[in-house]
>>> print(open('protein-v5.cif').read())   # mmCIF, C-alpha atoms
data_query
#
loop_
_atom_site.label_atom_id
_atom_site.label_comp_id
_atom_site.auth_asym_id
_atom_site.auth_seq_id
_atom_site.Cartn_x
_atom_site.Cartn_y
_atom_site.Cartn_z
CA MET A 616 52.20 -30.32 -55.75
CA SER A 617 53.31 -28.45 -52.72
CA HIS A 618 54.10 -29.91 -49.37
CA ILE A 619 50.96 -28.33 -47.90
CA SER A 620 48.68 -29.79 -50.59
CA LYS A 621 50.08 -33.24 -49.97
CA ASN A 622 49.38 -32.92 -46.27
CA VAL A 623 45.81 -31.72 -46.89
CA LYS A 624 45.08 -34.64 -49.18
CA LYS A 625 46.43 -37.01 -46.59
CA TRP A 626 44.42 -35.35 -43.79
CA ILE A 627 41.00 -35.21 -45.49
CA PRO A 628 40.50 -38.93 -46.12
CA LEU A 629 41.73 -39.69 -42.62
CA ARG A 630 39.68 -37.00 -40.85
CA LEU A 631 36.29 -37.66 -42.40
CA PRO A 632 36.11 -41.31 -41.44
CA SER A 633 37.20 -40.29 -37.96
CA VAL A 634 34.25 -37.87 -37.53
CA SER A 635 31.80 -40.33 -39.03
CA THR A 636 32.99 -43.06 -36.73
CA LEU A 637 32.68 -40.76 -33.69
CA THR A 638 29.13 -39.81 -34.64
CA ARG A 639 28.03 -43.39 -35.09
CA SER A 640 29.63 -44.55 -31.88
CA SER A 641 28.21 -41.62 -29.83
CA LYS A 642 24.50 -41.86 -30.64
CA PRO A 643 23.55 -43.17 -27.19
CA ARG A 644 25.48 -40.29 -25.60
CA TRP A 645 23.20 -37.63 -27.13
CA TYR A 646 20.62 -38.53 -24.50
CA ASN A 647 23.16 -37.72 -21.81
CA VAL A 648 24.02 -34.46 -23.54
CA LEU A 649 20.32 -33.54 -23.67
CA ILE A 650 19.88 -34.29 -19.97
CA ILE A 651 22.93 -32.20 -19.06
CA PHE A 652 21.63 -29.35 -21.24
CA LEU A 653 18.26 -29.38 -19.46
CA VAL A 654 19.94 -29.41 -16.04
CA VAL A 655 22.05 -26.40 -17.03
CA LEU A 656 18.90 -24.53 -18.12
CA ILE A 657 17.21 -25.24 -14.77
CA VAL A 658 20.28 -24.07 -12.83
CA LEU A 659 20.52 -20.86 -14.87
CA ASP A 660 16.84 -20.15 -14.30
CA HIS A 661 17.29 -20.67 -10.56
CA ILE A 662 20.25 -18.29 -10.50
CA HIS A 663 18.23 -15.69 -12.42
CA ASN A 664 15.47 -15.78 -9.80
CA PHE A 665 17.83 -15.92 -6.86
CA SER A 666 17.59 -12.59 -5.04
CA TYR A 667 20.62 -10.63 -3.93
CA ALA A 668 19.44 -10.98 -0.35
CA GLU A 669 19.31 -14.77 -0.56
CA PHE A 670 22.75 -14.84 -2.14
CA SER A 671 24.11 -12.58 0.59
CA ARG A 672 22.59 -14.70 3.34
CA LEU A 673 24.74 -17.61 2.16
CA PHE A 674 27.72 -15.55 3.29
CA HIS A 675 26.05 -13.63 6.10
CA ASP A 676 28.33 -15.12 8.72
CA SER A 677 31.44 -14.28 6.75
CA ASP A 678 33.81 -11.77 8.33
CA ASP A 679 34.49 -10.31 4.89
CA LEU A 680 30.90 -9.09 4.41
CA ASP A 681 29.31 -6.39 6.53
CA ILE A 682 25.63 -6.62 5.61
CA SER A 683 22.94 -5.44 7.98
CA ASP A 684 19.43 -6.85 8.16
CA SER A 685 18.07 -3.60 6.70
CA ASP A 686 20.48 -3.99 3.77
CA LEU A 687 19.16 -7.49 3.19
CA MET A 688 15.58 -6.21 3.23
CA MET A 689 16.46 -3.55 0.69
CA MET A 690 18.11 -6.16 -1.53
CA ASP A 691 14.84 -8.08 -1.55
CA ASP A 692 13.07 -5.04 -3.03
CA GLU A 693 12.62 -4.68 -6.74
CA VAL A 694 14.27 -1.47 -7.94
CA THR A 695 13.15 0.08 -11.21
CA LYS A 696 13.41 3.46 -12.86
CA SER A 697 10.02 5.00 -13.42
CA PRO A 698 9.83 6.83 -16.74
CA LYS A 699 7.19 9.20 -15.40
CA ALA A 700 8.26 9.59 -11.79
CA GLY A 701 10.52 12.57 -12.27
CA ASN A 702 14.08 12.57 -10.95
CA PHE A 703 13.77 9.89 -8.27
CA THR A 704 14.31 6.15 -8.31
CA GLU A 705 11.19 4.10 -7.89
CA VAL A 706 11.60 1.30 -5.35
CA VAL A 707 8.99 -1.44 -5.29
CA ILE A 708 8.67 -3.20 -1.95
CA ASP A 709 6.72 -6.19 -0.72
CA MET A 710 3.99 -5.25 1.75
CA ASN A 711 3.85 -8.44 3.78
CA ASP A 712 2.90 -7.26 7.29
CA ARG A 713 -0.71 -8.26 6.61
CA VAL A 714 -2.50 -10.82 4.50
CA PRO A 715 -3.06 -10.51 1.61
CA THR A 716 0.33 -9.16 0.60
CA PHE A 717 0.90 -6.77 -2.30
CA LYS A 718 3.62 -4.66 -3.92
CA LEU A 719 4.00 -0.93 -3.27
CA ALA A 720 5.93 1.57 -5.41
CA THR A 721 7.81 4.08 -3.24
CA LYS A 722 10.49 6.75 -3.58
CA SER A 723 12.66 5.66 -0.67
CA GLY A 724 12.11 1.92 -0.28
CA GLU A 725 10.77 2.45 3.24
CA LYS A 726 7.42 1.10 4.33
CA PRO A 727 4.84 3.69 5.41
CA ALA A 728 4.70 4.04 9.19
CA SER A 729 1.03 3.07 9.20
CA GLU A 730 1.95 -0.46 8.14
CA SER A 731 3.39 -1.15 11.59
CA ASP A 732 0.51 0.61 13.36
CA GLN A 733 -0.80 -2.02 15.76
CA GLY A 734 -4.05 -0.18 16.40
CA LEU A 735 -4.92 0.09 12.71
CA ASN A 736 -4.00 -3.52 12.03
CA GLN A 737 -6.26 -4.65 14.86
CA LEU A 738 -9.12 -2.52 13.53
CA TYR A 739 -8.82 -4.03 10.05
CA GLU A 740 -9.18 -7.45 11.65
CA GLU A 741 -12.19 -6.30 13.67
CA LEU A 742 -13.86 -5.02 10.49
CA HIS A 743 -13.14 -8.29 8.63
CA LEU A 744 -12.15 -6.34 5.54
CA GLN A 745 -10.83 -9.25 3.52
CA GLU A 746 -13.76 -11.54 4.30
CA THR A 747 -16.27 -8.79 3.55
CA CYS A 748 -14.78 -7.97 0.14
CA GLN A 749 -14.34 -11.62 -0.81
CA ARG A 750 -18.03 -12.16 -0.15
CA ASP A 751 -18.97 -9.09 -2.19
CA SER A 752 -16.40 -7.52 -4.52
CA SER A 753 -18.64 -4.46 -5.00
CA THR A 754 -17.87 -3.44 -1.40
CA ILE A 755 -16.51 0.13 -1.58
CA VAL A 756 -13.44 1.36 0.31
CA VAL A 757 -12.46 5.04 -0.02
CA ASP A 758 -8.95 6.38 0.68
CA VAL A 759 -8.83 10.20 0.87
CA GLY A 760 -5.33 11.63 1.13
CA ALA A 761 -4.07 8.31 -0.19
CA SER A 762 -0.37 9.27 -0.29
CA LEU A 763 1.35 6.14 -1.67
CA GLY A 764 -2.02 4.38 -1.61
CA ASN A 765 -0.95 1.63 0.77
CA PHE A 766 -4.36 1.35 2.47
CA GLY A 767 -6.35 1.52 -0.75
CA LEU A 768 -4.05 -0.98 -2.45
CA TYR A 769 -4.35 -3.33 0.53
CA ALA A 770 -8.14 -3.09 0.16
CA ALA A 771 -7.75 -3.84 -3.55
CA ALA A 772 -5.69 -6.93 -2.67
CA CYS A 773 -8.56 -7.97 -0.40
CA GLY A 774 -10.86 -7.82 -3.43
CA CYS A 775 -12.65 -4.55 -2.66
CA THR A 776 -13.77 -1.83 -5.07
CA VAL A 777 -11.48 1.10 -4.22
CA TYR A 778 -11.52 4.88 -4.73
CA LEU A 779 -8.25 6.71 -4.03
CA PHE A 780 -7.95 10.51 -3.90
CA GLU A 781 -4.55 12.21 -3.84
CA ILE A 782 -3.41 15.78 -4.57
CA LYS A 783 0.25 15.25 -5.50
CA LYS A 784 0.87 14.08 -9.06
CA GLU A 785 4.08 12.24 -8.23
CA LEU A 786 2.18 10.15 -5.69
CA ILE A 787 -0.52 9.47 -8.28
CA THR A 788 2.24 8.20 -10.59
CA LEU A 789 3.49 5.84 -7.87
CA ILE A 790 -0.04 4.58 -7.15
CA GLN A 791 -0.54 3.81 -10.82
CA SER A 792 2.82 2.05 -10.90
CA SER A 793 1.76 -0.05 -7.90
CA MET A 794 -1.42 -0.97 -9.76
CA ASN A 795 0.68 -2.22 -12.67
CA HIS A 796 2.95 -4.26 -10.40
CA ASN A 797 -0.10 -5.88 -8.79
CA THR A 798 -2.08 -6.17 -12.05
CA PHE A 799 -4.91 -4.12 -10.51
CA THR A 800 -7.21 -2.65 -13.13
CA SER A 801 -9.40 0.45 -13.26
CA PRO A 802 -12.12 -0.27 -12.36
CA PRO A 803 -12.38 -1.67 -9.69
CA VAL A 804 -9.44 0.49 -8.51
CA ASN A 805 -10.26 4.14 -9.26
CA VAL A 806 -7.65 6.90 -8.83
CA PHE A 807 -8.42 10.65 -8.69
CA ASN A 808 -5.88 13.47 -8.77
CA LYS A 809 -8.25 15.82 -6.93
CA ALA A 810 -8.66 17.50 -3.56
CA VAL A 811 -11.66 16.32 -1.56
CA ASN A 812 -13.30 19.16 0.38
CA ASP A 813 -16.61 20.99 0.83
CA MET A 814 -16.03 23.50 -1.98
CA PRO A 815 -18.23 23.07 -5.07
CA THR A 816 -16.99 20.22 -7.24
CA ASP A 817 -14.57 21.29 -10.01
CA SER A 818 -13.50 24.40 -8.16
CA THR A 819 -9.79 25.22 -8.26
CA MET A 820 -7.79 25.65 -5.09
CA ASP A 821 -4.15 26.30 -4.22
CA TYR A 822 -2.57 23.66 -2.02
CA ARG A 823 0.60 23.94 0.03
CA PRO A 824 1.64 21.25 2.54
CA PRO A 825 0.90 22.63 6.04
CA ASP A 826 4.22 21.34 7.39
CA ASP A 827 6.33 22.97 4.64
CA ALA A 828 5.84 26.72 4.35
CA ALA A 829 8.66 26.97 1.81
CA ALA A 830 7.03 24.54 -0.61
CA ASP A 831 5.48 25.85 -3.80
CA SER A 832 1.71 25.79 -3.90
CA ILE A 833 -0.02 23.76 -6.58
CA SER A 834 -3.38 24.34 -8.22
CA ILE A 835 -5.74 21.40 -7.97
CA GLN A 836 -9.36 20.70 -8.82
CA THR A 837 -11.74 19.85 -6.00
CA ILE A 838 -14.46 17.27 -5.64
CA ARG A 839 -17.17 16.60 -3.06
CA LEU A 840 -17.75 13.00 -2.03
CA ASP A 841 -21.47 13.64 -2.45
CA ASP A 842 -20.83 14.21 -6.17
CA VAL A 843 -18.81 11.08 -6.91
CA GLU A 844 -20.54 8.52 -9.11
CA TRP A 845 -20.18 5.55 -6.79
CA SER A 846 -20.46 2.05 -8.20
CA ALA A 847 -22.64 0.91 -5.27
CA THR A 848 -24.99 2.57 -2.80
CA SER A 849 -23.00 1.87 0.37
CA ILE A 850 -19.43 2.77 1.38
CA TYR A 851 -17.97 0.23 3.79
CA ILE A 852 -14.91 2.25 4.89
CA LEU A 853 -14.03 5.91 4.41
CA LYS A 854 -10.40 6.51 5.43
CA ILE A 855 -9.15 10.11 5.68
CA ASP A 856 -5.62 11.49 6.14
CA VAL A 857 -5.56 15.13 5.03
CA GLU A 858 -3.32 16.94 7.52
CA GLY A 859 -5.95 18.77 9.55
CA SER A 860 -8.66 19.23 6.90
CA GLU A 861 -10.69 16.19 7.92
CA GLN A 862 -13.82 18.16 8.76
CA SER A 863 -13.92 19.69 5.27
CA VAL A 864 -13.80 16.17 3.78
CA LEU A 865 -16.61 15.02 6.06
CA ARG A 866 -18.72 18.05 5.13
CA SER A 867 -18.36 17.11 1.49
CA ALA A 868 -20.17 13.85 2.31
CA GLU A 869 -23.02 15.14 4.47
CA ASN A 870 -25.64 13.81 2.05
CA LEU A 871 -24.02 10.38 2.14
CA PHE A 872 -24.08 10.43 5.95
CA SER A 873 -27.68 11.62 6.12
CA GLN A 874 -28.66 8.79 3.78
CA LYS A 875 -26.81 6.26 5.99
CA ARG A 876 -24.57 5.25 3.10
CA ILE A 877 -21.26 5.32 5.01
CA GLN A 878 -20.73 2.56 7.56
CA ASN A 879 -17.24 3.15 8.98
CA VAL A 880 -14.84 6.11 9.13
CA ILE A 881 -11.13 5.96 9.98
CA LEU A 882 -9.17 9.19 10.15
CA LYS A 883 -5.82 10.43 11.33
CA TYR A 884 -6.47 12.84 14.18
CA SER A 885 -4.14 15.75 14.90
CA PRO A 886 -6.16 18.45 16.71
CA TRP A 887 -3.16 20.80 16.79
CA LEU A 888 -3.10 20.69 12.96
CA ALA A 889 -6.83 21.27 12.54
CA GLU A 890 -7.99 24.28 10.58
CA GLN A 891 -8.83 27.27 12.75
CA THR A 892 -12.01 27.85 10.77
CA GLN A 893 -13.74 24.71 12.04
CA GLU A 894 -17.21 25.46 13.30
CA LYS A 895 -16.87 22.98 16.15
CA PRO A 896 -14.38 20.38 17.35
CA LEU A 897 -14.10 17.47 14.94
CA LEU A 898 -15.15 14.68 17.28
CA MET A 899 -18.20 16.59 18.44
CA TYR A 900 -19.11 17.28 14.81
CA MET A 901 -18.92 13.57 14.02
CA ARG A 902 -21.05 12.65 17.00
CA ARG A 903 -23.77 15.31 16.91
CA ASP A 904 -23.98 16.35 13.27
CA LEU A 905 -23.07 13.18 11.43
CA LYS A 906 -24.64 10.90 14.05
CA ALA A 907 -21.73 8.56 14.69
CA ARG A 908 -22.93 5.70 16.87
CA PHE A 909 -19.59 4.82 18.47
CA ILE A 910 -16.18 6.54 18.41
CA TYR A 911 -12.88 4.93 19.41
CA SER A 912 -9.25 6.02 19.62
CA LEU A 913 -6.42 3.73 18.56
CA TYR A 914 -2.66 4.00 18.82
CA PRO A 915 0.33 2.67 16.88
CA THR A 916 2.00 0.99 19.86
CA THR A 917 -0.89 -1.16 21.07
CA PRO A 918 -3.40 -3.45 19.33
CA THR A 919 -6.16 -2.19 21.60
CA LEU A 920 -9.07 0.08 20.67
CA TYR A 921 -10.18 2.49 23.41
CA GLY A 922 -13.76 3.60 23.86
CA PRO A 923 -16.49 4.17 23.01
CA LEU A 924 -15.56 7.81 23.61
CA VAL A 925 -18.07 10.22 25.11
CA PRO A 926 -17.86 14.06 24.98
CA MET A 927 -15.91 14.28 28.25
CA HIS A 928 -13.19 12.14 26.64
CA PHE A 929 -12.91 14.45 23.63
CA THR A 930 -11.37 17.25 25.67
CA THR A 931 -8.94 14.93 27.44
CA LEU A 932 -7.81 13.38 24.17
CA ASN A 933 -7.36 16.78 22.52
CA GLU A 934 -5.24 18.03 25.40
CA GLN A 935 -3.06 14.91 25.39
CA LEU A 936 -2.37 15.15 21.67
CA SER A 937 -1.95 18.93 21.50
CA GLN A 938 0.51 19.09 24.37
CA ALA A 939 2.68 16.39 22.83
CA HIS A 940 2.12 17.47 19.23
CA ALA A 941 1.15 13.87 18.68
CA GLU A 942 -1.47 12.21 16.53
CA THR A 943 -3.66 9.17 16.69
CA HIS A 944 -6.33 7.47 14.65
CA ILE A 945 -10.03 7.74 15.27
CA TYR A 946 -12.52 5.07 14.29
CA ALA A 947 -16.21 5.92 14.11
CA SER A 948 -19.00 3.45 13.41
CA PHE A 949 -22.09 4.72 11.59
CA ASP A 950 -23.53 1.26 11.05
CA SER A 951 -27.10 1.17 12.34
CA LYS A 952 -26.63 -2.52 13.22
CA ALA A 953 -23.49 -1.93 15.29
CA THR A 954 -23.55 -2.50 19.05
CA ARG A 955 -21.01 -1.94 21.81
CA SER A 956 -19.97 -5.57 21.52
CA SER A 957 -19.33 -5.28 17.76
CA ILE A 958 -15.81 -3.99 18.45
CA LYS A 959 -13.51 -5.33 21.17
CA SER A 960 -12.29 -2.37 23.18
CA GLU A 961 -11.01 -1.17 26.53
CA PRO A 962 -12.25 1.89 28.47
CA PHE A 963 -10.60 5.11 27.33
CA ALA A 964 -9.48 5.91 30.86
CA SER A 965 -7.30 2.80 30.89
CA TYR A 966 -5.01 4.15 28.16
CA LYS A 967 -1.71 5.52 29.43
CA PRO A 968 0.15 7.61 26.83
#
>>> encode(input="protein-v5.cif", output="structure tokens")
Amino acid sequence: MSHISKNVKKWIPLRLPSVSTLTRSSKPRWYNVLIIFLVVLIVLDHIHNFSYAEFSRLFHDSDDLDISDSDLMMMDDEVTKSPKAGNFTEVVIDMNDRVPTFKLATKSGEKPASESDQGLNQLYEELHLQETCQRDSSTIVVDVGASLGNFGLYAAACGCTVYLFEIKKELITLIQSSMNHNTFTSPPVNVFNKAVNDMPTDSTMDYRPPDDAAADSISIQTIRLDDVEWSATSIYILKIDVEGSEQSVLRSAENLFSQKRIQNVILKYSPWLAEQTQEKPLLMYMRRDLKARFIYSLYPTTPTLYGPLVPMHFTTLNEQLSQAHAETHIYASFDSKATRSSIKSEPFASYKP
């Protein structure tokens, strides 16, 4: 027998009793091992959920790290590649400026400017949007020119039934991605890749952004709001942001207005962008033709609503905005039960641009 074989024979009888003895003597220690194992699992799970921003804040005062607050905010965002979004990176951000919060899919990771609009935020509070939709989830909110859908998605987070209309397909893709991130379903969140205007429904039109003459035009189907199969008889809020074509959208809903089915309208107002073919100034059209009861102006830098506006204010407001190439939001109440005291406001003359 070789030297190696002799050593193996000697080792085996010695080694086996040694392992057996260790196992018998260590039975109570398995409980400790199990506890340590569970602790390790909990720590690993915590590390997995620990955001880059939180990790960076631990070292925020370190001279070796140069991290700005905006960098930390971006680190808090969830970044994912969208398989349908084309050649851009989809950035999902937390929309937490208002309650309830929700997630928004974007291309740049920047919040829409309207989210910091003090006038709009005050109006949403005045209209008690969340309370209204929580009382009745069939309450309809319409977002025309939805863009990323931040207003419509906020309304969905409030529990409303929502209709979003957007022309650009890439924005539709982002809206649908936001729905997935928030587990919103269709219905009650309804998304339309159509242009809302006063042309016959299912017409085809060419669209080119008014602020980009070099952009390629796209063909898009149209729809009139009068022809939409609404899930309820009344529309609580109609919000419009269509780059100067607001009157065409309103004309598409003239039957709804005549039947008193629209209670509140919010629209972005840029008179210097308005279509030259308008029959009459937009605010006068809303007051005299659509029978708006009260009209107010609101601004991004102040939480105050100004009004109610009367025709003499329309001209002043138009001149102010046109000279500065600025824009504002207009709120119009069509609610037959509304009174001057329904909305807290200041006289229009007290506003200093």
>>> closest_residue(input="protein-v5.cif", among="A:Met899, A:Ala947, A:Ala939, A:Ile755", to="Ile881 (chain A)", atoms="all atoms listed in the file")
A:Ala947
>>> residues_around(input="protein-v5.cif", residues="region 722-727 of chain A", least_positions_apart="5", cutoff="7 Å", atoms="only C-alpha atoms", output="ChimeraX atom specification")
/A:703-708
>>> atom_distance(input="protein-v5.cif", atom1="CA of Ser729 (chain A)", atom2="CA of Gly764 (chain A)")
11.3 Å
>>> axis_aligned_box(input="protein-v5.cif", around="region 908-918 of chain A", padding_each_side="6 Å", output="AutoDock Vina command-line options")
--center_x -10.5 --center_y 1.5 --center_z 19.0 --size_x 36.9 --size_y 22.0 --size_z 16.2
>>> resolve_selection(input="protein-v5.cif", expression="the PyMOL selection byres ((chain A and resi 839-856) around 6)", output="JSON, numbers by chain")
{"A": [755, 756, 757, 758, 759, 760, 811, 812, 813, 816, 838, 857, 867, 868, 876, 877, 878, 879, 880, 881, 882, 883]}
>>> write_last_selection(input="protein-v5.cif", atoms="C-alpha atoms", output="mmCIF file, in the frame of the given file")
data_model
loop_
_atom_site.group_PDB
_atom_site.id
_atom_site.type_symbol
_atom_site.label_atom_id
_atom_site.label_comp_id
_atom_site.auth_asym_id
_atom_site.auth_seq_id
_atom_site.Cartn_x
_atom_site.Cartn_y
_atom_site.Cartn_z
ATOM 1 C CA ILE A 755 -16.510 0.130 -1.580
ATOM 2 C CA VAL A 756 -13.440 1.360 0.310
ATOM 3 C CA VAL A 757 -12.460 5.040 -0.020
ATOM 4 C CA ASP A 758 -8.950 6.380 0.680
ATOM 5 C CA VAL A 759 -8.830 10.200 0.870
ATOM 6 C CA GLY A 760 -5.330 11.630 1.130
ATOM 7 C CA VAL A 811 -11.660 16.320 -1.560
ATOM 8 C CA ASN A 812 -13.300 19.160 0.380
ATOM 9 C CA ASP A 813 -16.610 20.990 0.830
ATOM 10 C CA THR A 816 -16.990 20.220 -7.240
ATOM 11 C CA ILE A 838 -14.460 17.270 -5.640
ATOM 12 C CA VAL A 857 -5.560 15.130 5.030
ATOM 13 C CA SER A 867 -18.360 17.110 1.490
ATOM 14 C CA ALA A 868 -20.170 13.850 2.310
ATOM 15 C CA ARG A 876 -24.570 5.250 3.100
ATOM 16 C CA ILE A 877 -21.260 5.320 5.010
ATOM 17 C CA GLN A 878 -20.730 2.560 7.560
ATOM 18 C CA ASN A 879 -17.240 3.150 8.980
ATOM 19 C CA VAL A 880 -14.840 6.110 9.130
ATOM 20 C CA ILE A 881 -11.130 5.960 9.980
ATOM 21 C CA LEU A 882 -9.170 9.190 10.150
ATOM 22 C CA LYS A 883 -5.820 10.430 11.330
#
>>> decode(input="protein-v5.cif", residues="region 836-879 of chain A", atoms="C-alpha atoms", output="PDB file, in the first residue's frame")
ATOM      1  CA  GLN A 836     -58.152  62.040 -36.948  1.00  0.00           C
ATOM      2  CA  THR A 837     -60.479  64.578 -35.381  1.00  0.00           C
ATOM      3  CA  ILE A 838     -63.287  64.284 -32.885  1.00  0.00           C
ATOM      4  CA  ARG A 839     -65.946  66.661 -31.575  1.00  0.00           C
ATOM      5  CA  LEU A 840     -66.641  66.619 -27.855  1.00  0.00           C
ATOM      6  CA  ASP A 841     -70.343  66.551 -28.694  1.00  0.00           C
ATOM      7  CA  ASP A 842     -69.791  63.135 -30.309  1.00  0.00           C
ATOM      8  CA  VAL A 843     -67.910  61.439 -27.467  1.00  0.00           C
ATOM      9  CA  GLU A 844     -69.808  58.657 -25.713  1.00  0.00           C
ATOM     10  CA  TRP A 845     -69.494  60.000 -22.187  1.00  0.00           C
ATOM     11  CA  SER A 846     -69.956  57.651 -19.263  1.00  0.00           C
ATOM     12  CA  ALA A 847     -72.094  60.202 -17.379  1.00  0.00           C
ATOM     13  CA  THR A 848     -74.309  63.138 -18.314  1.00  0.00           C
ATOM     14  CA  SER A 849     -72.256  65.892 -16.664  1.00  0.00           C
ATOM     15  CA  ILE A 850     -68.629  66.985 -17.123  1.00  0.00           C
ATOM     16  CA  TYR A 851     -67.201  68.490 -13.960  1.00  0.00           C
ATOM     17  CA  ILE A 852     -64.031  70.013 -15.470  1.00  0.00           C
ATOM     18  CA  LEU A 853     -63.024  70.581 -19.085  1.00  0.00           C
ATOM     19  CA  LYS A 854     -59.351  71.594 -19.252  1.00  0.00           C
ATOM     20  CA  ILE A 855     -57.947  72.825 -22.585  1.00  0.00           C
ATOM     21  CA  ASP A 856     -54.358  73.526 -23.668  1.00  0.00           C
ATOM     22  CA  VAL A 857     -54.185  73.519 -27.472  1.00  0.00           C
ATOM     23  CA  GLU A 858     -51.802  76.345 -28.409  1.00  0.00           C
ATOM     24  CA  GLY A 859     -54.298  78.916 -29.653  1.00  0.00           C
ATOM     25  CA  SER A 860     -57.068  76.621 -30.945  1.00  0.00           C
ATOM     26  CA  GLU A 861     -59.181  76.794 -27.793  1.00  0.00           C
ATOM     27  CA  GLN A 862     -62.207  78.281 -29.527  1.00  0.00           C
ATOM     28  CA  SER A 863     -62.347  75.393 -32.007  1.00  0.00           C
ATOM     29  CA  VAL A 864     -62.403  72.945 -29.075  1.00  0.00           C
ATOM     30  CA  LEU A 865     -65.195  74.899 -27.396  1.00  0.00           C
ATOM     31  CA  ARG A 866     -67.206  74.972 -30.621  1.00  0.00           C
ATOM     32  CA  SER A 867     -66.989  71.198 -30.774  1.00  0.00           C
ATOM     33  CA  ALA A 868     -68.905  71.109 -27.473  1.00  0.00           C
ATOM     34  CA  GLU A 869     -71.637  73.657 -28.162  1.00  0.00           C
ATOM     35  CA  ASN A 870     -74.377  71.064 -27.668  1.00  0.00           C
ATOM     36  CA  LEU A 871     -72.890  70.091 -24.319  1.00  0.00           C
ATOM     37  CA  PHE A 872     -72.839  73.749 -23.262  1.00  0.00           C
ATOM     38  CA  SER A 873     -76.391  74.394 -24.453  1.00  0.00           C
ATOM     39  CA  GLN A 874     -77.546  71.375 -22.456  1.00  0.00           C
ATOM     40  CA  LYS A 875     -75.730  72.689 -19.345  1.00  0.00           C
ATOM     41  CA  ARG A 876     -73.618  69.539 -19.153  1.00  0.00           C
ATOM     42  CA  ILE A 877     -70.250  71.267 -18.567  1.00  0.00           C
ATOM     43  CA  GLN A 878     -69.759  72.884 -15.168  1.00  0.00           C
ATOM     44  CA  ASN A 879     -66.209  74.273 -15.213  1.00  0.00           C
TER      45      ASN A 879
END
